[in-house]
Amino acid sequence: MRMSQYFLPTLKENPAEAQVVSHRLMLRAGLIRQTSAGIYAWLPLGFRVLKNIERIVREEQDASGAQEVLMPTIQSADLWRESGRYDAYGPEMLRIKDRHDREMLFGPTNEEMITVLFRDGAKSYRDLPKNLYHIQWKFRDEVRPRFGVMRGREFLMKDNYSFDTDKAGAVRSYNKMFVAYLRTFARMGLKAIPMRADTGPIGGDLSHEFIVLADTGESAVFCHKGLVDKDILSRKVDYSGDLQPIVNEWTSLYAATDEMHDKTAFEKIPEGDRLAARGIEVGHIFYFGTKYSKPMNAVVAGPNGEQITVEMGSYGIGVSRLVGGIIEASHDAAGIIWPESVAPFKVAVVDLKPDDGAVAGTCNRLCQSLQANGITVLHDDRELRPGAKFADMDLIGTPWQVIVGPKGVAAGKVELKNRKTSIREELAIDHVVAELSMRLR
RNA sequence: CGGGGCGUAGCGCAGUCUGGUAGCGCGUCUGCCUUGGGCGCAGAAGGUCGUCGGUUCAAAUCCGGCCGCCCCGACCA
């Protein structure tokens, strides 16, 4: 993409309303614009990132055996009366009326709708287990939206719901999501740690929040240091096998958010291994048994003709929140640096002298070759002083950079706090393309 | 929802106390210059001062209503 033709309004100064670093950088790098309190429009660059995150979430859900559906944003109030939550939910739910004065709502979550869809479509224990997910915009009328997309009112969430005939099956479904979440966040370059979360009236230990460590995080968290560097991606994961050993490995070390914190247990960890930090919740998984299936009568016939109330779990990932979360975890004073997997463009090509035909020609050939190798490129061909271009590129945070000037071509990986890529020797285009193609595989 | 603050050009702000023809920096546009990390010179465009009403010869400025936005706290993907 040529920057001279791209809709990419960057800002030199910090907008007054943005207090948190990811919010500031998202506005300044031209990723989003606010349209109302807690509601954002996604500009081309930001939308690319959002779609990349969504893609990774989808791939991992699919790999775990979950099936994608798409439920509407608008729901009927009657649906929520069935579960008893219409009155219980409170003012966070945006309630609206259609032209016939029917009560509707903008969905804050989808337990009711999915339960009905499942109930009406599954009649036998043979139809189980099932796990259905969708990635859809939600609306929660937060009293106080803040931190940009990290606590918006309208937000994109992946939510899914598992259905099993018994608790043992529900635990297997839960474990699949546990592992899928570990993989999902790791693929985005995040160190997300599963932490014991409040299970409410159901009890047990089957609820975990996935927390990304970041100084600017909303909640205080406490865990064993060993969890930080655990690596799931090098692990072979077989979703048809027993995942309990992996889950145990992650849950055997202490990790809890502030509200679940157990000081005594924490202090049993050797002092050098204790980690007290701040974190951002990017995912939450939950087993809730028959909380919805019972009142909404989601039952299937068992092998002996008996009625089985299905056991359910729900699992959420804040897709739009992750954009902010990733920036919080990967930025410096100059701007963002995206992990390769979510970067809006993998490579920035900076033309130091666009009115020099030879340099521009080199840039064009380079961009074409990279794109032919499946590498996304943002090509800064604007007639600007190089300093201004680098400042924009630093904000935008492409993980790789190629600089082309009259003196030659340079390529390098952009590092936090060390963003200079310099031309020491002239590199051949073919060499750059081959190198980047290999590194960005 | 309790407490605090703000609304003046795309962004950051001054002007409001003490009423008198709306300003600065950055960005944008034009020309020249420059080109290895937000360069320089010259010129230009751009604002019914959030909105409605009141006071006044005169309102960005004083008074009142409304709307919007931000921050702290309690609540949450």
# chains A, B, ... in the order shown; residues from 1 in each chain; ligands from 1
call {"tool": "closest_atom_pairs", "arguments": {"of": "chain B", "to": "chain A", "cutoff": "12 Å", "atoms": "only C-alpha atoms (C1' of nucleotides)", "output": "Markdown table"}}
result
| residue | atom | partner | partner_atom | distance |
| --- | --- | --- | --- | --- |
| B:C1 | C1' | A:Val143 | CA | 8.0 |
| B:G5 | C1' | A:Glu17 | CA | 11.8 |
| B:C6 | C1' | A:Glu17 | CA | 9.8 |
| B:G7 | C1' | A:Ala16 | CA | 11.7 |
| B:G10 | C1' | A:Leu11 | CA | 9.1 |
| B:C11 | C1' | A:Glu13 | CA | 6.1 |
| B:G12 | C1' | A:Glu13 | CA | 6.4 |
| B:C13 | C1' | A:Ala16 | CA | 10.5 |
| B:G25 | C1' | A:Glu13 | CA | 11.2 |
| B:C26 | C1' | A:Lys12 | CA | 7.6 |
| B:G27 | C1' | A:Lys12 | CA | 7.9 |
| B:U28 | C1' | A:Pro9 | CA | 11.7 |
| B:U34 | C1' | A:Arg385 | CA | 8.0 |
| B:U35 | C1' | A:Arg385 | CA | 5.8 |
| B:G36 | C1' | A:Pro386 | CA | 7.5 |
| B:G37 | C1' | A:Gly387 | CA | 4.2 |
| B:G38 | C1' | A:Ala388 | CA | 4.7 |
| B:C39 | C1' | A:Arg385 | CA | 7.7 |
| B:G40 | C1' | A:Arg385 | CA | 11.9 |
| B:G68 | C1' | A:Ser36 | CA | 8.7 |
| B:C69 | C1' | A:Ala37 | CA | 7.3 |
| B:C70 | C1' | A:Glu17 | CA | 5.4 |
| B:C71 | C1' | A:Gln19 | CA | 8.7 |
| B:C72 | C1' | A:Arg144 | CA | 11.3 |
| B:G73 | C1' | A:Arg144 | CA | 10.9 |
| B:A74 | C1' | A:Val143 | CA | 10.3 |
| B:C75 | C1' | A:Val143 | CA | 8.0 |
| B:C76 | C1' | A:Glu142 | CA | 7.8 |
| B:A77 | C1' | A:Gly318 | CA | 4.7 |
call {"tool": "residues_around", "arguments": {"residues": "segment 170-181 of chain A", "least_positions_apart": "4", "cutoff": "7 Å", "atoms": "only C-alpha atoms (C1' of nucleotides)", "output": "ChimeraX atom specification"}}
result
/A:60-61,64,162,164,166,185,239,243-244,247,287,311-313
call {"tool": "write_last_selection", "arguments": {"atoms": "C-alpha atoms", "output": "mmCIF file, in the first residue's frame"}}
result
data_model
loop_
_atom_site.group_PDB
_atom_site.id
_atom_site.type_symbol
_atom_site.label_atom_id
_atom_site.label_comp_id
_atom_site.auth_asym_id
_atom_site.auth_seq_id
_atom_site.Cartn_x
_atom_site.Cartn_y
_atom_site.Cartn_z
ATOM 1 C CA GLU A 60 -7.521 -21.493 17.153
ATOM 2 C CA GLN A 61 -11.221 -21.931 17.790
ATOM 3 C CA SER A 64 -10.132 -26.872 18.927
ATOM 4 C CA SER A 162 -20.141 -25.533 25.121
ATOM 5 C CA ASP A 164 -22.171 -31.517 27.252
ATOM 6 C CA ASP A 166 -22.349 -34.371 32.063
ATOM 7 C CA PHE A 185 -2.636 -15.274 23.066
ATOM 8 C CA TYR A 239 -7.636 -31.789 21.066
ATOM 9 C CA LEU A 243 -5.627 -32.110 27.880
ATOM 10 C CA GLN A 244 -5.774 -32.303 31.652
ATOM 11 C CA VAL A 247 -4.080 -27.623 32.201
ATOM 12 C CA TYR A 287 -18.135 -23.481 33.532
ATOM 13 C CA GLU A 311 -24.055 -28.830 31.103
ATOM 14 C CA MET A 312 -22.758 -25.563 29.717
ATOM 15 C CA GLY A 313 -19.717 -23.375 29.743
#
call {"tool": "atom_distance", "arguments": {"atom1": "atom CA of Gly30 of chain A", "atom2": "atom CA of Val342 of chain A"}}
result
16.1 Å
call {"tool": "residues_around", "arguments": {"residues": "A42 of chain B", "least_positions_apart": "6", "cutoff": "12 Å", "atoms": "only C-alpha atoms (C1' of nucleotides)", "output": "PyMOL selection string"}}
result
chain B and resi 30-33
call {"tool": "select_by_dssp", "arguments": {"residues": "segment 78-107 of chain A", "states": "strand (DSSP E or B)", "output": "list of chain:residue names"}}
result
A:Leu94, A:Arg95, A:Ile96, A:Lys97, A:Glu103, A:Met104, A:Leu105, A:Phe106
call {"tool": "atom_distance", "arguments": {"atom1": "atom CA of Asp380 of chain A", "atom2": "atom CA of Glu425 of chain A"}}
result
21.4 Å
call {"tool": "residues_around", "arguments": {"residues": "Glu82 of chain A", "least_positions_apart": "6", "cutoff": "10 Å", "atoms": "only C-alpha atoms (C1' of nucleotides)", "output": "PyMOL selection string"}}
result
chain A and resi 112+116+292+295-297
call {"tool": "select_by_dssp", "arguments": {"residues": "segment 58-266 of chain A", "states": "alpha helix (DSSP H)", "output": "PyMOL selection string"}}
result
chain A and resi 58-64+77-83+85-88+111-121+167-187+244-251+263-266
call {"tool": "atom_distance", "arguments": {"atom1": "atom C1' of C66 of chain B", "atom2": "atom C1' of G4 of chain B"}}
result
20.6 Å
call {"tool": "closest_residue", "arguments": {"among": "B:G65, B:C49, B:A44, B:C57", "to": "U16 of chain B", "atoms": "only C-alpha atoms (C1' of nucleotides)"}}
result
B:C49
call {"tool": "residues_around", "arguments": {"residues": "U56 of chain B", "least_positions_apart": "4", "cutoff": "12 Å", "atoms": "only C-alpha atoms (C1' of nucleotides)", "output": "short mmCIF file (atom, residue, chain, number, x, y, z; two decimals) with C-alpha atoms (C1' of nucleotides), in the first residue's frame"}}
result
data_model
loop_
_atom_site.label_atom_id
_atom_site.label_comp_id
_atom_site.auth_asym_id
_atom_site.auth_seq_id
_atom_site.Cartn_x
_atom_site.Cartn_y
_atom_site.Cartn_z
"C1'" G B 19 -17.62 42.61 27.76
"C1'" G B 20 -15.45 46.44 22.68
"C1'" C B 62 -21.66 37.95 32.55
"C1'" C B 63 -26.38 34.83 34.05
#
call {"tool": "residues_around", "arguments": {"residues": "Leu43 of chain A", "least_positions_apart": "4", "cutoff": "12 Å", "atoms": "only C-alpha atoms (C1' of nucleotides)", "output": "list of chain:residue names"}}
result
A:Tyr6, A:Phe7, A:Leu8, A:Pro9, A:Thr10, A:Met26, A:Leu27, A:Arg28, A:Ala29, A:Gly30, A:Leu31, A:Ile32, A:Arg33, A:Gln34, A:Thr35, A:Phe47, A:Arg48, A:Val49, A:Leu50, A:Lys51, A:Pro344
call {"tool": "residues_around", "arguments": {"residues": "segment 249-260 of chain A", "least_positions_apart": "4", "cutoff": "12 Å", "atoms": "only C-alpha atoms (C1' of nucleotides)", "output": "PyMOL selection string"}}
result
chain A and resi 175+178-179+182+192-200+205-213+217-232+243-245+264-270+273-281
call {"tool": "decode", "arguments": {"residues": "segment 32-71 of chain B", "atoms": "N, CA and C atoms (P, O5', C5', C4', C3', O3' and C1' of nucleotides)", "output": "compact mmCIF listing (two decimals), in the first residue's frame"}}
result
# COMPACT_ATOMS: atom_id res chain seq x y z
P C B 32 8.59 25.68 -7.32
O5' C B 32 9.73 26.23 -6.36
C5' C B 32 10.62 27.23 -6.82
C4' C B 32 11.41 27.81 -5.68
C3' C B 32 12.45 26.89 -5.04
O3' C B 32 13.63 26.78 -5.81
C1' C B 32 11.25 28.02 -3.35
P C B 33 14.38 25.41 -5.85
O5' C B 33 14.92 25.26 -4.36
C5' C B 33 15.88 26.20 -3.86
C4' C B 33 16.06 26.00 -2.38
C3' C B 33 16.54 24.62 -1.94
O3' C B 33 17.94 24.46 -2.07
C1' C B 33 14.73 25.30 -0.58
P U B 34 18.53 23.07 -2.39
O5' U B 34 18.14 22.25 -1.09
C5' U B 34 18.78 22.54 0.15
C4' U B 34 18.14 21.74 1.25
C3' U B 34 18.23 20.23 1.10
O3' U B 34 19.48 19.74 1.53
C1' U B 34 16.03 20.84 1.71
P U B 35 20.08 18.51 0.77
O5' U B 35 19.37 17.27 1.46
C5' U B 35 19.21 17.25 2.87
C4' U B 35 18.12 16.27 3.22
C3' U B 35 18.47 14.84 2.84
O3' U B 35 18.11 13.98 3.90
C1' U B 35 16.39 15.45 1.90
P G B 36 19.05 14.02 5.19
O5' G B 36 18.11 13.24 6.22
C5' G B 36 17.61 11.97 5.90
C4' G B 36 18.19 10.96 6.86
C3' G B 36 19.49 11.42 7.52
O3' G B 36 19.49 11.03 8.88
C1' G B 36 19.83 9.39 6.39
P G B 37 18.82 12.07 9.91
O5' G B 37 17.27 11.73 9.69
C5' G B 37 16.27 12.75 9.70
C4' G B 37 15.28 12.45 10.78
C3' G B 37 15.77 12.73 12.20
O3' G B 37 14.65 13.17 12.96
C1' G B 37 15.20 10.45 12.00
P G B 38 14.41 14.80 12.96
O5' G B 38 13.27 14.96 11.86
C5' G B 38 12.00 14.48 12.15
C4' G B 38 10.94 15.44 11.70
C3' G B 38 11.05 16.85 12.27
O3' G B 38 10.30 17.64 11.35
C1' G B 38 9.17 15.74 13.18
P C B 39 10.28 19.26 11.10
O5' C B 39 11.66 19.68 10.42
C5' C B 39 12.82 19.87 11.21
C4' C B 39 13.79 20.75 10.49
C3' C B 39 13.29 22.12 10.02
O3' C B 39 13.18 23.05 11.08
C1' C B 39 14.60 21.15 8.32
P G B 40 12.17 24.31 10.91
O5' G B 40 12.87 25.20 9.79
C5' G B 40 14.08 25.89 10.07
C4' G B 40 14.53 26.68 8.88
C3' G B 40 13.52 27.71 8.37
O3' G B 40 13.56 28.91 9.10
C1' G B 40 14.36 26.46 6.54
P C B 41 12.23 29.83 9.22
O5' C B 41 12.17 30.51 7.78
C5' C B 41 13.18 31.40 7.37
C4' C B 41 12.92 31.87 5.96
C3' C B 41 11.53 32.42 5.71
O3' C B 41 11.39 33.76 6.15
C1' C B 41 12.11 30.95 3.97
P A B 42 9.95 34.31 6.66
O5' A B 42 9.13 34.40 5.30
C5' A B 42 9.48 35.36 4.33
C4' A B 42 8.66 35.17 3.08
C3' A B 42 7.15 35.16 3.29
O3' A B 42 6.60 36.45 3.43
C1' A B 42 7.78 33.38 1.85
P G B 43 5.28 36.66 4.32
O5' G B 43 4.14 35.95 3.47
C5' G B 43 3.57 36.63 2.36
C4' G B 43 2.78 35.68 1.51
C3' G B 43 1.45 35.20 2.07
O3' G B 43 0.43 36.18 2.00
C1' G B 43 2.59 33.39 1.10
P A B 44 -0.73 36.19 3.09
O5' A B 44 -1.57 34.90 2.69
C5' A B 44 -2.27 34.87 1.45
C4' A B 44 -2.89 33.52 1.23
C3' A B 44 -3.97 33.10 2.22
O3' A B 44 -5.22 33.70 1.93
C1' A B 44 -2.50 31.29 1.80
P A B 45 -6.32 33.89 3.07
O5' A B 45 -6.97 32.44 3.10
C5' A B 45 -7.64 31.91 1.95
C4' A B 45 -7.89 30.44 2.14
C3' A B 45 -8.77 30.09 3.34
O3' A B 45 -10.14 30.19 3.03
C1' A B 45 -6.85 28.71 3.31
P G B 46 -11.15 30.76 4.10
O5' G B 46 -11.09 29.63 5.22
C5' G B 46 -11.62 28.33 4.96
C4' G B 46 -11.26 27.40 6.08
C3' G B 46 -11.76 27.85 7.45
O3' G B 46 -13.10 27.41 7.66
C1' G B 46 -9.48 27.20 7.57
P G B 47 -14.22 28.48 8.00
O5' G B 47 -14.21 28.50 9.58
C5' G B 47 -14.35 27.29 10.33
C4' G B 47 -14.44 27.62 11.79
C3' G B 47 -15.53 28.60 12.18
O3' G B 47 -16.77 27.94 12.35
C1' G B 47 -13.50 29.01 13.37
P U B 48 -18.02 28.40 11.48
O5' U B 48 -18.71 29.64 12.11
C5' U B 48 -18.53 30.08 13.42
C4' U B 48 -19.67 31.03 13.69
C3' U B 48 -20.30 30.90 15.06
O3' U B 48 -19.56 31.61 16.05
C1' U B 48 -21.99 30.98 13.42
P C B 49 -19.84 31.57 17.51
O5' C B 49 -18.64 30.76 18.18
C5' C B 49 -18.52 29.34 18.07
C4' C B 49 -17.45 28.88 19.02
C3' C B 49 -17.86 28.93 20.49
O3' C B 49 -17.20 27.85 21.14
C1' C B 49 -16.01 30.35 20.15
P G B 50 -17.86 27.21 22.44
O5' G B 50 -18.70 25.93 21.99
C5' G B 50 -18.41 25.25 20.79
C4' G B 50 -19.48 24.21 20.57
C3' G B 50 -20.91 24.76 20.55
O3' G B 50 -21.29 25.17 19.25
C1' G B 50 -20.76 22.95 22.06
P U B 51 -22.20 26.46 19.04
O5' U B 51 -23.62 25.99 19.57
C5' U B 51 -24.32 24.93 18.94
C4' U B 51 -25.55 24.60 19.75
C3' U B 51 -26.43 25.79 20.09
O3' U B 51 -27.31 26.11 19.04
C1' U B 51 -26.05 24.51 22.04
P C B 52 -27.80 27.63 18.83
O5' C B 52 -28.97 27.77 19.90
C5' C B 52 -30.14 26.96 19.79
C4' C B 52 -30.95 27.09 21.05
C3' C B 52 -31.28 28.52 21.48
O3' C B 52 -32.38 29.05 20.76
C1' C B 52 -30.54 27.28 23.35
P G B 53 -32.43 30.62 20.54
O5' G B 53 -32.51 31.22 22.01
C5' G B 53 -33.77 31.51 22.59
C4' G B 53 -33.67 31.70 24.08
C3' G B 53 -33.27 33.08 24.59
O3' G B 53 -34.30 34.03 24.46
C1' G B 53 -32.19 31.43 25.87
P G B 54 -33.86 35.59 24.28
O5' G B 54 -33.34 35.96 25.73
C5' G B 54 -34.24 35.96 26.84
C4' G B 54 -33.50 36.27 28.12
C3' G B 54 -32.80 37.62 28.17
O3' G B 54 -33.70 38.66 28.48
C1' G B 54 -31.35 35.96 28.98
P U B 55 -33.42 40.12 27.91
O5' U B 55 -32.16 40.59 28.76
C5' U B 55 -32.28 40.79 30.17
C4' U B 55 -30.96 41.24 30.74
C3' U B 55 -30.31 42.42 30.03
O3' U B 55 -30.85 43.65 30.46
C1' U B 55 -28.71 40.73 30.38
P U B 56 -31.27 44.76 29.36
O5' U B 56 -29.86 45.23 28.78
C5' U B 56 -28.91 45.84 29.64
C4' U B 56 -27.61 46.00 28.92
C3' U B 56 -27.70 46.65 27.54
O3' U B 56 -27.79 48.07 27.64
C1' U B 56 -26.31 44.74 27.42
P C B 57 -28.78 48.86 26.64
O5' C B 57 -28.01 48.84 25.25
C5' C B 57 -28.69 49.20 24.06
C4' C B 57 -27.72 49.21 22.90
C3' C B 57 -26.88 47.95 22.75
O3' C B 57 -27.57 46.94 22.05
C1' C B 57 -25.47 49.85 22.63
P A B 58 -27.44 45.43 22.53
O5' A B 58 -25.91 45.12 22.29
C5' A B 58 -25.40 45.04 20.95
C4' A B 58 -23.91 44.86 20.97
C3' A B 58 -23.41 43.64 21.76
O3' A B 58 -23.46 42.48 20.97
C1' A B 58 -22.15 45.55 22.34
P A B 59 -23.77 41.05 21.61
O5' A B 59 -22.51 40.79 22.56
C5' A B 59 -21.20 40.68 22.02
C4' A B 59 -20.47 39.52 22.66
C3' A B 59 -21.11 38.17 22.41
O3' A B 59 -20.08 37.18 22.43
C1' A B 59 -21.17 38.61 24.70
P A B 60 -19.28 36.83 21.09
O5' A B 60 -18.42 35.54 21.50
C5' A B 60 -19.04 34.29 21.74
C4' A B 60 -18.22 33.47 22.69
C3' A B 60 -18.20 33.97 24.13
O3' A B 60 -19.28 33.45 24.86
C1' A B 60 -15.99 33.55 23.40
P U B 61 -19.98 34.33 25.95
O5' U B 61 -18.80 34.80 26.91
C5' U B 61 -18.12 33.89 27.77
C4' U B 61 -17.04 34.61 28.52
C3' U B 61 -17.56 35.64 29.52
O3' U B 61 -16.78 35.61 30.69
C1' U B 61 -16.14 36.69 27.93
P C B 62 -17.33 34.74 31.89
O5' C B 62 -18.57 35.60 32.39
C5' C B 62 -18.40 36.69 33.30
C4' C B 62 -19.74 37.23 33.70
C3' C B 62 -20.85 36.19 33.88
O3' C B 62 -20.79 35.59 35.15
C1' C B 62 -21.66 37.95 32.55
P C B 63 -21.25 34.09 35.36
O5' C B 63 -22.84 34.21 35.28
C5' C B 63 -23.57 34.92 36.26
C4' C B 63 -25.05 34.80 35.98
C3' C B 63 -25.54 33.38 35.71
O3' C B 63 -25.78 32.66 36.90
C1' C B 63 -26.38 34.83 34.05
P G B 64 -25.61 31.05 36.86
O5' G B 64 -26.90 30.57 36.06
C5' G B 64 -28.19 30.67 36.65
C4' G B 64 -29.25 30.23 35.67
C3' G B 64 -29.09 28.83 35.08
O3' G B 64 -29.51 27.81 35.96
C1' G B 64 -29.61 30.35 33.35
P G B 65 -28.92 26.32 35.77
O5' G B 65 -29.68 25.77 34.48
C5' G B 65 -31.07 25.48 34.53
C4' G B 65 -31.60 25.16 33.16
C3' G B 65 -31.00 23.93 32.48
O3' G B 65 -31.55 22.72 32.94
C1' G B 65 -31.09 25.72 30.94
P C B 66 -30.63 21.42 33.06
O5' C B 66 -30.40 21.02 31.53
C5' C B 66 -31.48 20.56 30.73
C4' C B 66 -31.10 20.56 29.27
C3' C B 66 -29.96 19.61 28.89
O3' C B 66 -30.38 18.27 28.75
C1' C B 66 -29.59 21.71 27.90
P C B 67 -29.35 17.07 29.07
O5' C B 67 -28.36 17.12 27.82
C5' C B 67 -28.85 16.90 26.50
C4' C B 67 -27.76 17.14 25.50
C3' C B 67 -26.46 16.36 25.71
O3' C B 67 -26.55 15.03 25.28
C1' C B 67 -25.94 18.61 25.25
P G B 68 -25.67 13.91 25.99
O5' G B 68 -24.20 14.24 25.48
C5' G B 68 -23.90 14.19 24.10
C4' G B 68 -22.54 14.78 23.85
C3' G B 68 -21.40 14.10 24.59
O3' G B 68 -20.98 12.93 23.95
C1' G B 68 -21.19 16.45 24.78
P C B 69 -20.41 11.70 24.81
O5' C B 69 -18.98 12.24 25.26
C5' C B 69 -17.94 12.38 24.31
C4' C B 69 -16.77 13.11 24.91
C3' C B 69 -16.14 12.47 26.13
O3' C B 69 -15.30 11.38 25.81
C1' C B 69 -16.35 14.79 26.49
P C B 70 -15.00 10.26 26.90
O5' C B 70 -13.94 11.00 27.84
C5' C B 70 -12.65 11.31 27.35
C4' C B 70 -11.89 12.09 28.39
C3' C B 70 -11.70 11.39 29.73
O3' C B 70 -10.65 10.46 29.70
C1' C B 70 -12.39 13.61 30.10
P C B 71 -10.69 9.23 30.70
O5' C B 71 -10.29 9.91 32.08
C5' C B 71 -8.98 10.44 32.27
C4' C B 71 -8.89 11.10 33.62
C3' C B 71 -9.26 10.23 34.81
O3' C B 71 -8.19 9.38 35.19
C1' C B 71 -10.33 12.30 35.02
